[in-house]
>>> print(open('data23.cif').read())   # mmCIF, C-alpha atoms
data_my_file
loop_
_atom_site.label_atom_id
_atom_site.label_comp_id
_atom_site.auth_asym_id
_atom_site.auth_seq_id
_atom_site.Cartn_x
_atom_site.Cartn_y
_atom_site.Cartn_z
CA MET A 1 -34.79 109.25 43.96
CA VAL A 2 -32.18 110.80 41.67
CA LYS A 3 -29.30 112.28 43.70
CA ASN A 4 -29.45 115.81 42.27
CA SER A 5 -33.18 115.86 41.49
CA PRO A 6 -35.30 118.81 42.64
CA ALA A 7 -37.08 116.46 45.07
CA LYS A 8 -33.80 115.46 46.71
CA LYS A 9 -32.65 119.08 46.91
CA LEU A 10 -35.95 120.08 48.52
CA GLU A 11 -35.72 117.29 51.07
CA ILE A 12 -32.20 118.36 52.02
CA LEU A 13 -33.31 121.96 52.41
CA ALA A 14 -36.32 120.90 54.49
CA SER A 15 -34.16 118.69 56.71
CA LYS A 16 -31.76 121.55 57.41
CA ALA A 17 -34.71 123.74 58.39
CA ALA A 18 -36.29 120.92 60.45
CA LEU A 19 -39.47 121.16 58.39
CA GLU A 20 -41.59 118.88 56.21
CA VAL A 21 -41.43 119.55 52.47
CA VAL A 22 -45.23 119.42 52.22
CA SER A 23 -45.80 121.95 55.00
CA GLN A 24 -46.84 125.56 54.57
CA GLU A 25 -43.99 126.53 56.89
CA PHE A 26 -41.44 125.08 54.45
CA ALA A 27 -43.01 127.02 51.57
CA GLU A 28 -42.75 130.21 53.61
CA HIS A 29 -39.14 129.31 54.49
CA MET A 30 -38.27 128.87 50.80
CA ASP A 31 -39.86 132.22 49.98
CA ASP A 32 -37.84 133.89 52.71
CA MET A 33 -34.65 132.52 51.14
CA ASP A 34 -35.68 133.34 47.57
CA GLU A 35 -33.30 135.94 46.11
CA LEU A 36 -35.88 136.76 43.43
CA ARG A 37 -38.83 137.33 45.75
CA ARG A 38 -38.77 141.13 45.33
CA TYR A 39 -39.49 140.85 41.61
CA LYS A 40 -43.05 139.72 42.21
CA GLU A 41 -43.80 143.28 43.36
CA GLN A 42 -42.72 144.54 39.95
CA PHE A 43 -45.64 142.81 38.23
CA VAL A 44 -49.36 143.56 38.19
CA VAL A 45 -51.20 140.55 39.60
CA PRO A 46 -54.98 140.29 39.04
CA THR A 47 -57.19 140.15 42.11
CA LEU A 48 -60.24 137.95 42.53
CA GLU A 49 -62.40 141.03 41.93
CA THR A 50 -60.79 141.89 38.59
CA LEU A 51 -61.08 138.39 37.13
CA PRO A 52 -64.26 137.59 35.12
CA ARG A 53 -65.07 134.53 37.26
CA GLU A 54 -67.12 134.18 40.40
CA SER A 55 -64.85 133.18 43.26
CA VAL A 56 -64.95 132.63 46.99
CA GLY A 57 -62.85 134.55 49.51
CA ASP A 58 -61.60 138.10 49.89
CA GLN A 59 -62.13 139.74 46.52
CA ASN A 60 -59.20 142.09 47.09
CA GLN A 61 -56.64 139.30 47.38
CA GLU A 62 -54.41 138.38 44.47
CA CYS A 63 -55.27 135.35 42.42
CA ILE A 64 -52.89 132.39 42.19
CA TYR A 65 -51.68 132.94 38.63
CA LEU A 66 -50.07 129.81 37.19
CA LEU A 67 -50.50 130.51 33.48
CA GLY A 68 -47.30 132.24 32.42
CA ASN A 69 -46.93 129.52 29.78
CA SER A 70 -49.89 131.10 27.97
CA LEU A 71 -49.71 134.80 28.89
CA GLY A 72 -47.17 136.34 31.23
CA LEU A 73 -48.12 138.99 33.76
CA LYS A 74 -47.60 142.69 33.04
CA PRO A 75 -44.43 144.35 34.36
CA LYS A 76 -45.43 147.53 36.15
CA LYS A 77 -42.93 149.62 34.23
CA ALA A 78 -44.61 148.61 30.97
CA ASP A 79 -47.12 151.41 31.63
CA ARG A 80 -44.34 153.96 31.93
CA TYR A 81 -42.51 152.82 28.81
CA MET A 82 -45.70 152.77 26.77
CA GLN A 83 -46.70 156.22 28.03
CA GLU A 84 -43.24 157.55 27.18
CA ALA A 85 -43.64 156.30 23.60
CA MET A 86 -47.12 157.81 23.35
CA ASP A 87 -45.85 161.11 24.74
CA MET A 88 -42.95 161.17 22.29
CA TRP A 89 -45.39 160.74 19.43
CA GLY A 90 -47.63 163.49 20.76
CA ARG A 91 -44.92 165.99 21.71
CA ARG A 92 -42.41 165.40 18.95
CA ALA A 93 -44.47 163.98 16.07
CA ILE A 94 -42.07 163.13 13.24
CA TYR A 95 -39.06 163.63 15.52
CA HIS A 96 -40.24 160.64 17.53
CA HIS A 97 -38.48 158.58 14.85
CA THR A 98 -35.04 159.43 16.18
CA GLY A 99 -35.50 160.33 19.85
CA GLY A 100 -36.47 158.91 23.21
CA ARG A 101 -35.98 155.54 24.87
CA ILE A 102 -37.56 153.81 21.85
CA PRO A 103 -36.79 155.85 18.69
CA ALA A 104 -39.61 154.85 16.33
CA ALA A 105 -37.35 154.30 13.31
CA TYR A 106 -35.02 152.10 15.35
CA ALA A 107 -37.56 150.59 17.72
CA ASP A 108 -36.08 147.08 17.57
CA GLN A 109 -32.52 148.10 18.40
CA PRO A 110 -32.73 148.48 22.22
CA CYS A 111 -34.26 145.00 22.52
CA LYS A 112 -31.74 143.12 20.38
CA PRO A 113 -28.75 142.78 22.74
CA LEU A 114 -31.04 141.73 25.59
CA VAL A 115 -32.89 138.98 23.74
CA ALA A 116 -29.63 137.83 22.13
CA LYS A 117 -28.43 136.70 25.56
CA ILE A 118 -31.67 134.87 26.31
CA VAL A 119 -31.55 132.74 23.13
CA GLY A 120 -27.80 132.19 23.09
CA ALA A 121 -26.91 134.28 20.05
CA SER A 122 -23.25 135.10 19.43
CA ASP A 123 -24.08 138.80 19.10
CA PRO A 124 -27.14 141.00 18.39
CA SER A 125 -26.77 140.65 14.61
CA GLU A 126 -28.18 137.12 14.89
CA VAL A 127 -31.50 138.28 16.35
CA THR A 128 -34.23 140.80 15.73
CA VAL A 129 -37.69 141.65 17.05
CA MET A 130 -40.40 141.96 14.43
CA ASN A 131 -43.90 140.86 13.40
CA GLY A 132 -45.71 137.98 15.11
CA LEU A 133 -44.46 134.43 15.55
CA THR A 134 -46.26 132.84 12.60
CA VAL A 135 -45.29 135.67 10.24
CA ASN A 136 -41.65 135.14 11.22
CA LEU A 137 -42.07 131.39 10.86
CA HIS A 138 -43.35 131.83 7.31
CA LEU A 139 -40.52 134.24 6.42
CA LEU A 140 -37.77 131.93 7.66
CA MET A 141 -39.32 128.69 6.44
CA LEU A 142 -39.90 130.19 3.01
CA ALA A 143 -36.22 131.12 2.88
CA PHE A 144 -34.85 127.75 3.94
CA TYR A 145 -37.31 125.39 2.26
CA LYS A 146 -35.78 124.60 -1.14
CA PRO A 147 -37.56 121.47 -2.43
CA SER A 148 -35.73 119.65 -5.19
CA GLY A 149 -36.83 116.31 -6.61
CA ASN A 150 -37.48 113.84 -3.81
CA ARG A 151 -35.78 116.11 -1.31
CA ASN A 152 -38.98 118.00 -0.52
CA LYS A 153 -40.15 116.69 2.85
CA ILE A 154 -40.62 118.71 6.04
CA LEU A 155 -40.40 117.07 9.45
CA ILE A 156 -42.64 118.29 12.27
CA GLU A 157 -44.01 116.60 15.39
CA ASP A 158 -47.37 114.91 15.83
CA HIS A 159 -48.93 117.30 18.34
CA ALA A 160 -47.36 120.50 16.99
CA PHE A 161 -49.06 123.76 17.85
CA PRO A 162 -51.68 124.43 15.14
CA SER A 163 -49.85 127.42 13.66
CA ASP A 164 -46.78 125.24 13.02
CA ARG A 165 -48.82 122.61 11.22
CA TYR A 166 -50.73 125.19 9.19
CA ALA A 167 -47.51 126.97 8.24
CA ALA A 168 -45.77 123.79 7.11
CA ARG A 169 -48.71 122.53 5.07
CA SER A 170 -49.41 125.87 3.42
CA LEU A 171 -45.73 126.28 2.53
CA MET A 172 -45.77 122.91 0.80
CA ARG A 173 -48.89 123.91 -1.13
CA VAL A 174 -47.19 127.10 -2.30
CA PHE A 175 -44.42 124.98 -3.81
CA GLY A 176 -46.84 122.43 -5.25
CA VAL A 177 -45.60 119.70 -2.93
CA ASP A 178 -48.16 117.12 -1.84
CA GLU A 179 -48.96 117.16 1.86
CA THR A 180 -48.16 113.44 2.05
CA ARG A 181 -44.52 114.61 1.99
CA LEU A 182 -44.98 116.02 5.48
CA ILE A 183 -43.23 113.73 7.99
CA ILE A 184 -44.86 113.69 11.41
CA VAL A 185 -42.82 112.18 14.24
CA LYS A 186 -44.79 110.65 17.09
CA PRO A 187 -44.11 109.26 20.56
CA ARG A 188 -44.09 105.49 20.75
CA SER A 189 -47.40 103.70 21.10
CA GLY A 190 -48.72 104.06 24.64
CA GLU A 191 -46.29 106.89 25.44
CA SER A 192 -46.81 110.66 25.61
CA LEU A 193 -43.24 111.88 25.32
CA PHE A 194 -40.72 111.88 22.49
CA ARG A 195 -37.51 109.94 22.64
CA THR A 196 -34.57 111.75 21.11
CA LEU A 197 -33.31 108.50 19.63
CA ASP A 198 -36.57 108.03 17.71
CA ILE A 199 -36.36 111.54 16.26
CA ILE A 200 -32.74 110.98 15.24
CA GLN A 201 -33.60 107.65 13.65
CA THR A 202 -36.45 109.23 11.68
CA ILE A 203 -34.08 111.91 10.43
CA ASN A 204 -31.56 109.25 9.42
CA SER A 205 -34.12 107.19 7.55
CA GLU A 206 -35.36 110.27 5.64
CA LYS A 207 -32.09 112.16 5.28
CA ASP A 208 -32.15 112.02 1.48
CA ASN A 209 -35.74 113.30 1.36
CA LEU A 210 -35.72 115.99 4.03
CA ALA A 211 -35.64 119.61 2.90
CA MET A 212 -36.30 121.01 6.38
CA ILE A 213 -36.77 120.11 10.05
CA MET A 214 -38.99 122.37 12.15
CA LEU A 215 -39.71 121.41 15.76
CA PRO A 216 -40.75 123.08 19.03
CA GLY A 217 -38.15 123.70 21.71
CA VAL A 218 -40.77 122.91 24.36
CA GLN A 219 -43.87 120.96 23.41
CA TYR A 220 -46.90 123.07 24.36
CA TYR A 221 -49.17 120.16 25.41
CA THR A 222 -46.87 117.99 27.53
CA GLY A 223 -44.31 120.61 28.52
CA GLN A 224 -41.49 118.35 27.31
CA LYS A 225 -38.28 120.10 26.32
CA LEU A 226 -36.81 118.42 23.27
CA ASP A 227 -33.07 117.80 23.11
CA MET A 228 -32.52 120.78 20.85
CA GLU A 229 -28.76 120.49 20.92
CA ALA A 230 -28.60 116.83 19.88
CA ILE A 231 -31.23 117.17 17.16
CA THR A 232 -29.72 120.40 15.79
CA ARG A 233 -26.17 119.09 15.68
CA HIS A 234 -27.30 115.92 13.93
CA ALA A 235 -29.33 117.81 11.32
CA VAL A 236 -26.45 120.20 10.66
CA HIS A 237 -24.08 117.24 10.25
CA LEU A 238 -26.41 115.83 7.58
CA GLY A 239 -26.81 119.19 5.87
CA ILE A 240 -30.53 119.47 6.59
CA PRO A 241 -31.85 122.98 7.46
CA VAL A 242 -33.23 123.00 10.99
CA GLY A 243 -35.40 125.63 12.66
CA TRP A 244 -37.03 125.90 16.06
CA ASP A 245 -40.32 127.31 17.28
CA LEU A 246 -39.33 128.64 20.71
CA ALA A 247 -42.74 129.97 21.76
CA HIS A 248 -42.74 127.88 24.95
CA ALA A 249 -38.96 127.80 25.35
CA VAL A 250 -37.71 131.39 25.20
CA GLY A 251 -37.28 132.83 28.69
CA ASN A 252 -38.17 129.39 30.07
CA VAL A 253 -35.25 127.04 29.36
CA HIS A 254 -31.55 127.28 28.53
CA LEU A 255 -30.94 128.16 24.89
CA ASP A 256 -27.63 128.25 23.04
CA LEU A 257 -28.70 128.60 19.43
CA HIS A 258 -25.41 129.81 18.00
CA ALA A 259 -23.29 127.11 19.63
CA TRP A 260 -25.77 124.41 18.61
CA GLY A 261 -25.67 125.62 15.01
CA ALA A 262 -29.43 126.09 14.49
CA ASP A 263 -30.16 127.65 11.11
CA PHE A 264 -33.09 129.71 12.35
CA ALA A 265 -35.53 130.10 15.21
CA VAL A 266 -38.63 132.15 15.96
CA TRP A 267 -40.52 132.98 19.14
CA CYS A 268 -43.36 134.99 20.58
CA SER A 269 -42.86 137.38 23.51
CA TYR A 270 -46.17 137.23 25.37
CA LYS A 271 -45.59 134.05 27.38
CA TYR A 272 -42.46 133.84 29.51
CA LEU A 273 -41.10 137.11 28.09
CA ASN A 274 -44.05 139.00 29.64
CA SER A 275 -44.51 141.51 26.80
CA GLY A 276 -48.30 141.47 26.51
CA ALA A 277 -50.90 139.79 24.33
CA GLY A 278 -50.08 140.16 20.64
CA ALA A 279 -46.55 141.25 21.55
CA ILE A 280 -43.85 141.80 18.99
CA ALA A 281 -42.10 138.50 18.23
CA GLY A 282 -38.49 137.58 17.54
CA ALA A 283 -36.30 135.70 15.11
CA PHE A 284 -32.79 134.23 14.95
CA LEU A 285 -30.59 133.60 11.92
CA HIS A 286 -27.24 131.90 12.47
CA ALA A 287 -24.17 133.95 11.60
CA LYS A 288 -23.03 131.24 9.17
CA HIS A 289 -25.75 132.52 6.81
CA HIS A 290 -25.00 136.23 7.15
CA ASP A 291 -22.60 136.53 4.20
CA ASN A 292 -24.84 134.51 1.91
CA PRO A 293 -28.38 134.34 3.31
CA PRO A 294 -30.99 132.23 1.54
CA THR A 295 -33.24 134.08 -0.90
CA HIS A 296 -36.14 135.59 1.01
CA LEU A 297 -38.85 138.22 0.91
CA GLU A 298 -37.67 141.79 1.37
CA GLY A 299 -39.06 145.18 2.27
CA TRP A 300 -37.84 148.70 3.03
CA TRP A 301 -36.68 147.71 6.50
CA SER A 302 -34.54 144.91 4.99
CA ASN A 303 -32.19 147.70 3.98
CA LYS A 304 -29.32 148.81 6.20
CA GLN A 305 -30.56 151.61 8.42
CA GLU A 306 -27.50 153.69 7.44
CA THR A 307 -28.60 153.82 3.78
CA ARG A 308 -32.34 153.25 4.12
CA PHE A 309 -33.31 156.86 3.43
CA GLU A 310 -31.17 157.03 0.33
CA MET A 311 -34.18 155.35 -1.28
CA ARG A 312 -32.04 153.17 -3.51
CA ASP A 313 -33.51 151.24 -6.40
CA VAL A 314 -31.62 148.10 -5.36
CA LEU A 315 -31.65 146.92 -1.76
CA ASP A 316 -28.55 147.44 0.37
CA PRO A 317 -29.26 144.48 2.66
CA ALA A 318 -28.87 144.74 6.41
CA LEU A 319 -26.60 142.25 8.10
CA GLY A 320 -28.02 138.99 9.36
CA VAL A 321 -31.63 138.47 10.29
CA GLU A 322 -32.35 142.20 10.01
CA SER A 323 -32.48 141.68 6.25
CA PHE A 324 -35.69 139.68 6.90
CA ARG A 325 -37.43 142.74 8.36
CA LEU A 326 -40.09 144.09 6.04
CA CYS A 327 -41.33 147.21 7.77
CA ASN A 328 -40.86 149.50 10.75
CA PRO A 329 -41.28 147.56 14.02
CA PRO A 330 -44.05 149.20 16.10
CA PRO A 331 -42.42 151.34 18.82
CA PHE A 332 -45.31 150.81 21.23
CA LEU A 333 -44.94 147.04 21.17
CA ALA A 334 -41.17 147.39 21.31
CA ALA A 335 -41.59 149.50 24.46
CA LEU A 336 -43.50 146.69 26.18
CA ASN A 337 -40.91 144.18 25.04
CA LEU A 338 -38.04 146.31 26.35
CA ALA A 339 -39.70 146.78 29.75
CA ALA A 340 -39.82 143.00 30.16
CA LEU A 341 -36.42 142.20 28.65
CA GLU A 342 -34.68 144.64 30.98
CA MET A 343 -35.83 142.51 33.90
CA PHE A 344 -34.22 139.43 32.33
CA GLU A 345 -31.04 141.47 31.84
CA GLU A 346 -31.08 142.51 35.50
CA VAL A 347 -31.65 139.00 36.88
CA GLY A 348 -30.03 136.75 34.27
CA MET A 349 -31.28 133.40 33.02
CA GLU A 350 -29.00 131.47 35.38
CA LYS A 351 -30.81 132.69 38.49
CA LEU A 352 -34.23 132.28 36.89
CA LEU A 353 -33.50 128.69 35.88
CA LYS A 354 -32.09 127.88 39.32
CA LYS A 355 -35.34 128.95 40.98
CA GLN A 356 -37.43 127.39 38.25
CA GLU A 357 -35.93 123.96 38.84
CA LEU A 358 -36.88 124.03 42.53
CA LEU A 359 -40.23 125.81 42.12
CA THR A 360 -41.59 123.43 39.48
CA GLY A 361 -39.91 120.59 41.35
CA TYR A 362 -41.82 121.66 44.47
CA LEU A 363 -45.10 121.56 42.56
CA GLU A 364 -44.23 118.09 41.28
CA TYR A 365 -43.25 116.93 44.78
CA LEU A 366 -46.52 118.08 46.35
CA LEU A 367 -48.67 116.58 43.59
CA ASN A 368 -46.94 113.22 43.93
CA ALA A 369 -46.99 113.31 47.73
CA LYS A 370 -50.64 114.27 48.13
CA LEU A 371 -52.50 113.37 44.96
CA LYS A 372 -50.67 110.57 43.19
CA ASP A 373 -53.79 108.40 43.04
CA GLU A 374 -55.85 111.21 41.52
CA LEU A 375 -53.64 112.30 38.62
CA GLU A 376 -50.71 111.64 36.33
CA ILE A 377 -48.01 114.15 35.41
CA LEU A 378 -47.28 113.88 31.69
CA THR A 379 -44.29 116.23 31.76
CA PRO A 380 -40.87 114.57 32.15
CA GLY A 381 -39.71 114.04 35.73
CA ASN A 382 -36.17 114.94 34.71
CA ALA A 383 -35.81 118.68 35.32
CA GLU A 384 -33.43 118.96 32.35
CA GLU A 385 -36.25 117.86 30.04
CA ARG A 386 -38.79 120.52 31.00
CA GLY A 387 -39.26 124.17 31.92
CA CYS A 388 -41.83 125.77 34.24
CA GLN A 389 -44.85 123.84 33.01
CA LEU A 390 -46.32 120.62 34.33
CA SER A 391 -49.11 119.00 32.32
CA ILE A 392 -51.52 117.04 34.50
CA LEU A 393 -53.89 114.29 33.43
CA PHE A 394 -56.73 113.70 35.91
CA ARG A 395 -58.70 110.53 36.51
CA ARG A 396 -61.92 112.54 36.27
CA ASP A 397 -63.43 115.29 34.12
CA VAL A 398 -60.74 117.96 33.93
CA SER A 399 -63.23 120.70 33.03
CA GLN A 400 -65.01 120.28 36.37
CA VAL A 401 -61.73 120.37 38.27
CA HIS A 402 -60.64 123.46 36.36
CA GLY A 403 -63.92 125.24 36.96
CA LYS A 404 -63.68 124.67 40.72
CA LEU A 405 -60.09 125.92 40.74
CA GLU A 406 -61.26 129.11 39.04
CA ASN A 407 -63.89 129.48 41.76
CA HIS A 408 -61.02 129.51 44.25
CA GLY A 409 -59.03 132.17 42.42
CA VAL A 410 -56.60 129.86 40.65
CA VAL A 411 -55.69 130.70 37.04
CA CYS A 412 -54.38 127.86 34.87
CA ASP A 413 -55.74 126.30 31.69
CA THR A 414 -56.72 123.08 29.96
CA ARG A 415 -55.91 121.64 26.56
CA GLY A 416 -58.05 118.63 25.81
CA LYS A 417 -57.82 116.26 28.79
CA VAL A 418 -54.75 117.97 30.22
CA MET A 419 -54.43 120.82 32.70
CA ARG A 420 -51.33 122.98 32.27
CA VAL A 421 -49.83 124.58 35.38
CA ALA A 422 -46.74 126.77 35.18
CA PRO A 423 -45.23 128.50 38.22
CA VAL A 424 -42.95 131.24 36.86
CA PRO A 425 -39.83 132.19 38.87
CA PHE A 426 -40.26 135.92 38.29
CA TYR A 427 -43.61 136.25 40.05
CA ASN A 428 -44.73 132.95 41.58
CA SER A 429 -43.86 131.82 45.09
CA TYR A 430 -43.52 128.52 46.91
CA LEU A 431 -46.43 129.49 49.13
CA GLN A 432 -48.64 129.97 46.06
CA VAL A 433 -47.69 126.50 44.84
CA ASN A 434 -48.44 125.07 48.27
CA LYS A 435 -51.83 126.80 48.37
CA PHE A 436 -52.66 125.62 44.84
CA VAL A 437 -52.05 121.99 45.74
CA HIS A 438 -54.03 122.41 48.96
CA ILE A 439 -57.00 123.82 47.05
CA LEU A 440 -56.69 121.09 44.41
CA ALA A 441 -56.59 118.39 47.09
CA ASN A 442 -59.78 119.71 48.68
CA ILE A 443 -61.49 119.69 45.29
CA LEU A 444 -60.42 116.14 44.47
CA GLN A 445 -60.97 114.63 47.90
#
>>> encode(input="data23.cif", output="structure tokens")
Amino acid sequence: MVKNSPAKKLEILASKAALEVVSQEFAEHMDDMDELRRYKEQFVVPTLETLPRESVGDQNQECIYLLGNSLGLKPKKADRYMQEAMDMWGRRAIYHHTGGRIPAAYADQPCKPLVAKIVGASDPSEVTVMNGLTVNLHLLMLAFYKPSGNRNKILIEDHAFPSDRYAARSLMRVFGVDETRLIIVKPRSGESLFRTLDIIQTINSEKDNLAMIMLPGVQYYTGQKLDMEAITRHAVHLGIPVGWDLAHAVGNVHLDLHAWGADFAVWCSYKYLNSGAGAIAGAFLHAKHHDNPPTHLEGWWSNKQETRFEMRDVLDPALGVESFRLCNPPPFLAALNLAALEMFEEVGMEKLLKKQELLTGYLEYLLNAKLKDELEILTPGNAEERGCQLSILFRRDVSQVHGKLENHGVVCDTRGKVMRVAPVPFYNSYLQVNKFVHILANILQ
């Protein structure tokens, strides 16, 4: 067992408390010590009655929600912030544009300094909130993809989220580049996870042909966190534009985009950022591009807000990634985003990641201790190579297992043969993880 692994840390904590790691009493002990435990009360948790699935047990009890990797729970104050924005519209009409917690004309501004800290931007000028993830992906990829001669290839990964694959292929079609110029990196034969060395070697072998690298920070299927720093620094050294899809990484793992030198990044806000389905997304543009950004699509909101209403014939571009904005960010979606981001500001990523390491490590420990013969965990065992999510491969039909879990008030999901389970430090507890594994064990045995 690795000396500083979550498993070792849990065993030390259990020994000090004279408890067994697998016991319910230890889970309750860990919850008692959890400095973040009060935040669970700040979220709305579905009950068995409110879920559209038949389930056994007290219908008024909360479900065991382990699907923050797909859709985060709703912060309770999201209702208040949304209602404030609606009231401002109703009571002030046009004056809503410049007043209230979320002035409609500047709706993105309150969110910027908060999300800048989460993604590791040097200052708020490197980030913005706008559009949806794939729209932002298209805007940034279109700006950085400059095919010339044989240097027209894009590198993505084999099991990329569909929107990433569609975006890359459609971009190549727009430029008249054959899709055979798309480089798809894969894990080694018989393996499920990427090796950083293999990605680096692929980049080296194609360095004269690559016009762009676009990879996920956390792979949605396996939950593997790629070595973003190593890959980014290597691409920058070779002069190859590199961007990151942080959909499953933002609010989930440590990010330091400015220090790493990433050219651009995009993310959604409805998973770990808890901003609601269809939430406003975000984008990052490194400060090294601010004085001379790549040519890109523009709109009214690409203009500096100080001169926007001068209605100039020629754009007076905003600084940094704000020049990629096309239109007014929706204040109602920005209100939901702000409600969630303020919680990250209050807690800080350091505390969230500290709990995450032990909470997901506890899930891993219990699965290995009780059900090792029934399943395989695809996600890396090294806590530095993952976030909240564990992806589980069962030795039986996963759809039947999943259906029975739903009958017991457990919310997680499946992708193909894999079940994804993600305890989130903001609102999940050690006792919930313990109960989940207990329910799963009864189903499998």
>>> resolve_selection(input="data23.cif", expression="the PyMOL selection byres ((chain A and resi 342) around 12)", output="number ranges by chain")
A: 75, 77-78, 81, 110-115, 117-118, 273-275, 334-341, 343-349
>>> closest_residue(input="data23.cif", among="A:Leu257, A:Met228, A:Ile154, A:Leu405", to="Ile213 in chain A", atoms="all atoms listed in the file")
A:Ile154
>>> atom_distance(input="data23.cif", atom1="CA of Asp208 in chain A", atom2="CA of Asn292 in chain A")
23.7 Å
>>> closest_residue(input="data23.cif", among="A:Ala318, A:Ala116, A:Leu353, A:Met212", to="His258 in chain A", atoms="all atoms listed in the file")
A:Ala116
>>> closest_residue(input="data23.cif", among="A:Ala121, A:Leu297, A:Pro187, A:Arg386", to="Asp256 in chain A", atoms="only C-alpha atoms")
A:Ala121
>>> atom_distance(input="data23.cif", atom1="CA of Pro294 in chain A", atom2="CA of Gly261 in chain A")
15.9 Å
>>> resolve_selection(input="data23.cif", expression="the PyMOL selection byres ((chain A and resi 276) around 9)", output="ChimeraX atom specification")
/A:71-74,269-271,273-275,277-280,333,336-337
>>> write_last_selection(input="data23.cif", atoms="C-alpha atoms", output="PDB file, in the coordinates of the input")
ATOM      1  CA  LEU A  71     -49.710 134.800  28.890  1.00  0.00           C
ATOM      2  CA  GLY A  72     -47.170 136.340  31.230  1.00  0.00           C
ATOM      3  CA  LEU A  73     -48.120 138.990  33.760  1.00  0.00           C
ATOM      4  CA  LYS A  74     -47.600 142.690  33.040  1.00  0.00           C
ATOM      5  CA  SER A 269     -42.860 137.380  23.510  1.00  0.00           C
ATOM      6  CA  TYR A 270     -46.170 137.230  25.370  1.00  0.00           C
ATOM      7  CA  LYS A 271     -45.590 134.050  27.380  1.00  0.00           C
ATOM      8  CA  LEU A 273     -41.100 137.110  28.090  1.00  0.00           C
ATOM      9  CA  ASN A 274     -44.050 139.000  29.640  1.00  0.00           C
ATOM     10  CA  SER A 275     -44.510 141.510  26.800  1.00  0.00           C
ATOM     11  CA  ALA A 277     -50.900 139.790  24.330  1.00  0.00           C
ATOM     12  CA  GLY A 278     -50.080 140.160  20.640  1.00  0.00           C
ATOM     13  CA  ALA A 279     -46.550 141.250  21.550  1.00  0.00           C
ATOM     14  CA  ILE A 280     -43.850 141.800  18.990  1.00  0.00           C
ATOM     15  CA  LEU A 333     -44.940 147.040  21.170  1.00  0.00           C
ATOM     16  CA  LEU A 336     -43.500 146.690  26.180  1.00  0.00           C
ATOM     17  CA  ASN A 337     -40.910 144.180  25.040  1.00  0.00           C
TER      18      ASN A 337
END
>>> residues_around(input="data23.cif", residues="range 168-173 of chain A", least_positions_apart="4", cutoff="12 Å", atoms="only C-alpha atoms", output="PyMOL selection string")
chain A and resi 134+137-147+152-157+160-164+177-184+211-215+243
>>> axis_aligned_box(input="data23.cif", around="range 304-310 of chain A", padding_each_side="6 Å", output="lines of an AutoDock Vina configuration file")
center_x = -30.4
center_y = 152.9
center_z = 4.4
size_x = 17.8
size_y = 20.2
size_z = 20.1
>>> closest_residue(input="data23.cif", among="A:Gly282, A:His237, A:Asn136, A:Asp32", to="His296 in chain A", atoms="only C-alpha atoms")
A:Asn136
>>> atom_distance(input="data23.cif", atom1="CA of Gly251 in chain A", atom2="CA of Arg80 in chain A")
22.5 Å
>>> residues_around(input="data23.cif", residues="Gly299 in chain A", least_positions_apart="6", cutoff="9 Å", atoms="all atoms listed in the file", output="ChimeraX atom specification")
/A:315,323-327
>>> resolve_selection(input="data23.cif", expression="the PyMOL selection byres ((chain A and resi 62-65) around 6)", output="compact mmCIF listing (two decimals) with C-alpha atoms, in the frame of the given file")
# COMPACT_ATOMS: atom_id res chain seq x y z
CA PRO A 46 -54.98 140.29 39.04
CA THR A 47 -57.19 140.15 42.11
CA LEU A 48 -60.24 137.95 42.53
CA GLN A 61 -56.64 139.30 47.38
CA LEU A 66 -50.07 129.81 37.19
CA LEU A 67 -50.50 130.51 33.48
CA GLY A 409 -59.03 132.17 42.42
CA VAL A 410 -56.60 129.86 40.65
CA VAL A 411 -55.69 130.70 37.04
